[in-house]
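Student: Sharing a structure here in structure tokens format.
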Amino acid sequence: MLRQERYPDNEYREIWLFAAKRDNAQAMIEVQEHQKYFGKRVEIVKGRKCPRGVVGVVFYLCCKHFGSNQWFGFDTRIGIKADDGNVYWTSTKNIRLAQ
């Protein structure tokens, strides 16, 4: 699990290569999503429990396992600090980078 901070691009690349050498596809996905979303402004575009249209900054990102099978059921959960001060928790499937 990556620390809750932004890394330089060369460190992301090194971590990704380390995961690739170990054949850890889930860690590779976590590194890619961390680099794509962490510390950036995002907008919630869908989901059941979070209001759509909320814009904020990603301050938390973690890969969680929700399934009963060890190979499936992984999801990357994020925490968003909205512009209005509220905090929302959702999946990376429910957001997009804000413009």
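Chain labels follow the order of the structure tokens: the first chain is A, the next B, and so on; residue numbering restarts at 1 in every chain, and ligands are counted from 1 in their shown order.
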Apply DSSP to the structure's backbone, then extract all residues of segment 17-92 of chain A labelled strand (DSSP E or B) and return them as an NGL selection string.
Tutor: :A and (41-44 or 55-65 or 74-82 or 87-91)
Student: List the spatial neighbours of segment 26-37 of chain A as an MDAnalysis selection string - criterion: any atom at most 7 Å away, only C-alpha atoms, same-chain residues fewer than 4 positions off excluded.
Tutor: chainID A and resid 12 16 19:20 58 61 63
Student: So that I can check the surroundings of segment 85-90 of chain A, please list as number ranges by chain every protein, DNA and RNA residue that reaches within 10 Å of it, counting only C-alpha atoms and ignoring chain neighbours fewer than 6 positions away.
Tutor: A: 44, 46-51, 54, 56-61, 75-79
Student: Go ahead and write the selection's residues with N, CA, C and O atoms as a tab-separated table (two decimals), in the first residue's frame.
Tutor:
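Here's the written file result_31.tsv:
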```tsv
chain	number	residue	atom	x	y	z
A	44	ILE	N	-17.43	13.85	-8.79
A	44	ILE	CA	-18.23	12.63	-8.65
A	44	ILE	C	-19.28	12.65	-9.74
A	44	ILE	O	-20.08	13.59	-9.84
A	46	LYS	N	-21.11	9.57	-10.69
A	46	LYS	CA	-22.16	8.57	-10.45
A	46	LYS	C	-21.94	7.95	-9.08
A	46	LYS	O	-20.96	8.22	-8.40
A	47	GLY	N	-22.87	7.11	-8.70
A	47	GLY	CA	-22.77	6.45	-7.40
A	47	GLY	C	-24.09	6.51	-6.67
A	47	GLY	O	-24.97	7.31	-6.98
A	48	ARG	N	-24.22	5.67	-5.67
A	48	ARG	CA	-25.47	5.53	-4.96
A	48	ARG	C	-25.54	6.41	-3.72
A	48	ARG	O	-26.60	6.91	-3.38
A	49	LYS	N	-24.41	6.63	-3.06
A	49	LYS	CA	-24.44	7.33	-1.78
A	49	LYS	C	-23.85	8.74	-1.82
A	49	LYS	O	-23.99	9.47	-0.86
A	50	CYS	N	-23.17	9.10	-2.88
A	50	CYS	CA	-22.55	10.43	-2.97
A	50	CYS	C	-23.31	11.28	-3.98
A	50	CYS	O	-23.71	10.79	-5.03
A	51	PRO	N	-23.47	12.55	-3.68
A	51	PRO	CA	-24.17	13.43	-4.63
A	51	PRO	C	-23.33	13.66	-5.88
A	51	PRO	O	-22.13	13.90	-5.81
A	54	VAL	N	-20.29	16.86	-7.23
A	54	VAL	CA	-19.41	17.37	-6.18
A	54	VAL	C	-17.97	17.37	-6.70
A	54	VAL	O	-17.51	16.40	-7.29
A	56	GLY	N	-13.87	18.10	-5.68
A	56	GLY	CA	-12.95	18.21	-4.56
A	56	GLY	C	-11.61	17.59	-4.89
A	56	GLY	O	-11.36	17.16	-6.01
A	57	VAL	N	-10.75	17.52	-3.87
A	57	VAL	CA	-9.40	17.00	-4.02
A	57	VAL	C	-9.30	15.63	-3.35
A	57	VAL	O	-9.79	15.43	-2.24
A	58	VAL	N	-8.66	14.68	-4.02
A	58	VAL	CA	-8.46	13.33	-3.47
A	58	VAL	C	-7.35	13.39	-2.43
A	58	VAL	O	-6.23	13.77	-2.72
A	59	PHE	N	-7.70	13.02	-1.18
A	59	PHE	CA	-6.72	13.02	-0.09
A	59	PHE	C	-6.41	11.61	0.42
A	59	PHE	O	-5.50	11.42	1.22
A	60	TYR	N	-7.18	10.60	-0.03
A	60	TYR	CA	-7.00	9.23	0.43
A	60	TYR	C	-7.26	8.30	-0.73
A	60	TYR	O	-8.21	8.49	-1.50
A	61	LEU	N	-6.43	7.29	-0.86
A	61	LEU	CA	-6.61	6.30	-1.93
A	61	LEU	C	-6.07	4.97	-1.44
A	61	LEU	O	-4.94	4.90	-0.95
A	75	ASP	N	-11.22	-3.28	-5.37
A	75	ASP	CA	-11.75	-1.97	-5.75
A	75	ASP	C	-10.88	-0.90	-5.11
A	75	ASP	O	-10.43	-1.07	-3.97
A	76	THR	N	-10.62	0.17	-5.83
A	76	THR	CA	-9.83	1.26	-5.28
A	76	THR	C	-10.79	2.29	-4.70
A	76	THR	O	-11.61	2.85	-5.41
A	77	ARG	N	-10.70	2.50	-3.39
A	77	ARG	CA	-11.55	3.44	-2.69
A	77	ARG	C	-10.81	4.75	-2.51
A	77	ARG	O	-9.60	4.75	-2.30
A	78	ILE	N	-11.52	5.86	-2.58
A	78	ILE	CA	-10.89	7.16	-2.42
A	78	ILE	C	-11.68	8.03	-1.46
A	78	ILE	O	-12.87	7.83	-1.25
A	79	GLY	N	-10.99	8.97	-0.86
A	79	GLY	CA	-11.60	9.99	-0.02
A	79	GLY	C	-11.44	11.33	-0.74
A	79	GLY	O	-10.36	11.66	-1.20
```
Student: Find the spatial neighbours of Arg6 of chain A, counting only C-alpha atoms, within a cut-off of 8 Å - ignore same-chain residues fewer than 2 positions away - and output them as a ChimeraX atom specification.
Tutor: /A:4,8,35,38-39
Student: Between A:Val45, A:Ala25, A:Ala82, A:Cys62, single out the one closest to Asn94 of chain A, counting only C-alpha atoms.
Tutor: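 Residue with the minimum atom-to-atom distance to Asn94 of chain A: A:Val45.
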Student: Which one of A:Lys93, A:Gln99, A:Glu14, A:Arg52 sits closest to Phe74 of chain A if you count only C-alpha atoms?
Tutor: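 Of the candidates, the smallest distance to Phe74 of chain A is held by A:Lys93.
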Student: Can you measure atom CA of Lys64 of chain A to atom CA of Val42 of chain A for me? One decimal in Å is fine.
Tutor: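 Interatomic distance, atom CA of Lys64 of chain A to atom CA of Val42 of chain A: 20.0 Å.
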Student: Give me the residues within 9 Å of Val55 of chain A as a PyMOL selection string, counting only C-alpha atoms and dropping any in the same chain fewer than 6 places off.
Tutor: chain A and resi 41-44+80-84+98
Student: Write a file of the selected residues as an mmCIF file, in the first residue's frame, keeping N, CA, C and O atoms.
Tutor:
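Produced file selection-v4.cif, reproduced below:
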```
data_model
loop_
_atom_site.group_PDB
_atom_site.id
_atom_site.type_symbol
_atom_site.label_atom_id
_atom_site.label_comp_id
_atom_site.auth_asym_id
_atom_site.auth_seq_id
_atom_site.Cartn_x
_atom_site.Cartn_y
_atom_site.Cartn_z
ATOM 1 N N ARG A 41 -7.874 17.298 -8.489
ATOM 2 C CA ARG A 41 -9.285 17.645 -8.394
ATOM 3 C C ARG A 41 -10.100 16.672 -9.233
ATOM 4 O O ARG A 41 -9.773 16.411 -10.386
ATOM 5 N N VAL A 42 -11.140 16.136 -8.606
ATOM 6 C CA VAL A 42 -12.018 15.180 -9.279
ATOM 7 C C VAL A 42 -13.467 15.602 -9.079
ATOM 8 O O VAL A 42 -13.792 16.404 -8.204
ATOM 9 N N GLU A 43 -14.324 15.029 -9.909
ATOM 10 C CA GLU A 43 -15.761 15.275 -9.816
ATOM 11 C C GLU A 43 -16.465 13.929 -9.693
ATOM 12 O O GLU A 43 -16.122 12.979 -10.401
ATOM 13 N N ILE A 44 -17.427 13.846 -8.793
ATOM 14 C CA ILE A 44 -18.228 12.629 -8.653
ATOM 15 C C ILE A 44 -19.285 12.651 -9.743
ATOM 16 O O ILE A 44 -20.081 13.586 -9.836
ATOM 17 N N ILE A 80 -12.542 12.061 -0.812
ATOM 18 C CA ILE A 80 -12.546 13.359 -1.499
ATOM 19 C C ILE A 80 -12.909 14.445 -0.503
ATOM 20 O O ILE A 80 -13.945 14.354 0.163
ATOM 21 N N LYS A 81 -12.062 15.442 -0.387
ATOM 22 C CA LYS A 81 -12.376 16.625 0.427
ATOM 23 C C LYS A 81 -12.993 17.636 -0.532
ATOM 24 O O LYS A 81 -12.322 18.219 -1.376
ATOM 25 N N ALA A 82 -14.309 17.832 -0.407
ATOM 26 C CA ALA A 82 -15.056 18.693 -1.327
ATOM 27 C C ALA A 82 -14.759 20.165 -1.058
ATOM 28 O O ALA A 82 -14.273 20.534 0.019
ATOM 29 N N ASP A 83 -15.060 20.990 -2.036
ATOM 30 C CA ASP A 83 -14.840 22.427 -1.914
ATOM 31 C C ASP A 83 -15.647 23.037 -0.772
ATOM 32 O O ASP A 83 -15.236 24.030 -0.176
ATOM 33 N N ASP A 84 -16.799 22.432 -0.449
ATOM 34 C CA ASP A 84 -17.638 22.953 0.635
ATOM 35 C C ASP A 84 -17.195 22.453 2.014
ATOM 36 O O ASP A 84 -17.832 22.739 3.020
ATOM 37 N N ALA A 98 -11.534 16.485 -12.746
ATOM 38 C CA ALA A 98 -12.243 17.743 -12.979
ATOM 39 C C ALA A 98 -11.439 18.592 -13.949
ATOM 40 O O ALA A 98 -10.214 18.507 -14.020
#
```
Student: Could you jot down the atom CA of Asp23 of chain A to atom CA of Leu2 of chain A separation for me, Å, one decimal place?
Tutor: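 Computed distance, atom CA of Asp23 of chain A to atom CA of Leu2 of chain A, equals 17.3 Å.
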Student: Expressed in Å to a single decimal, how great is the separation between atom CA of Glu5 of chain A and atom CA of Lys40 of chain A?
Tutor: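 Here the two named atoms are 11.3 Å from each other.
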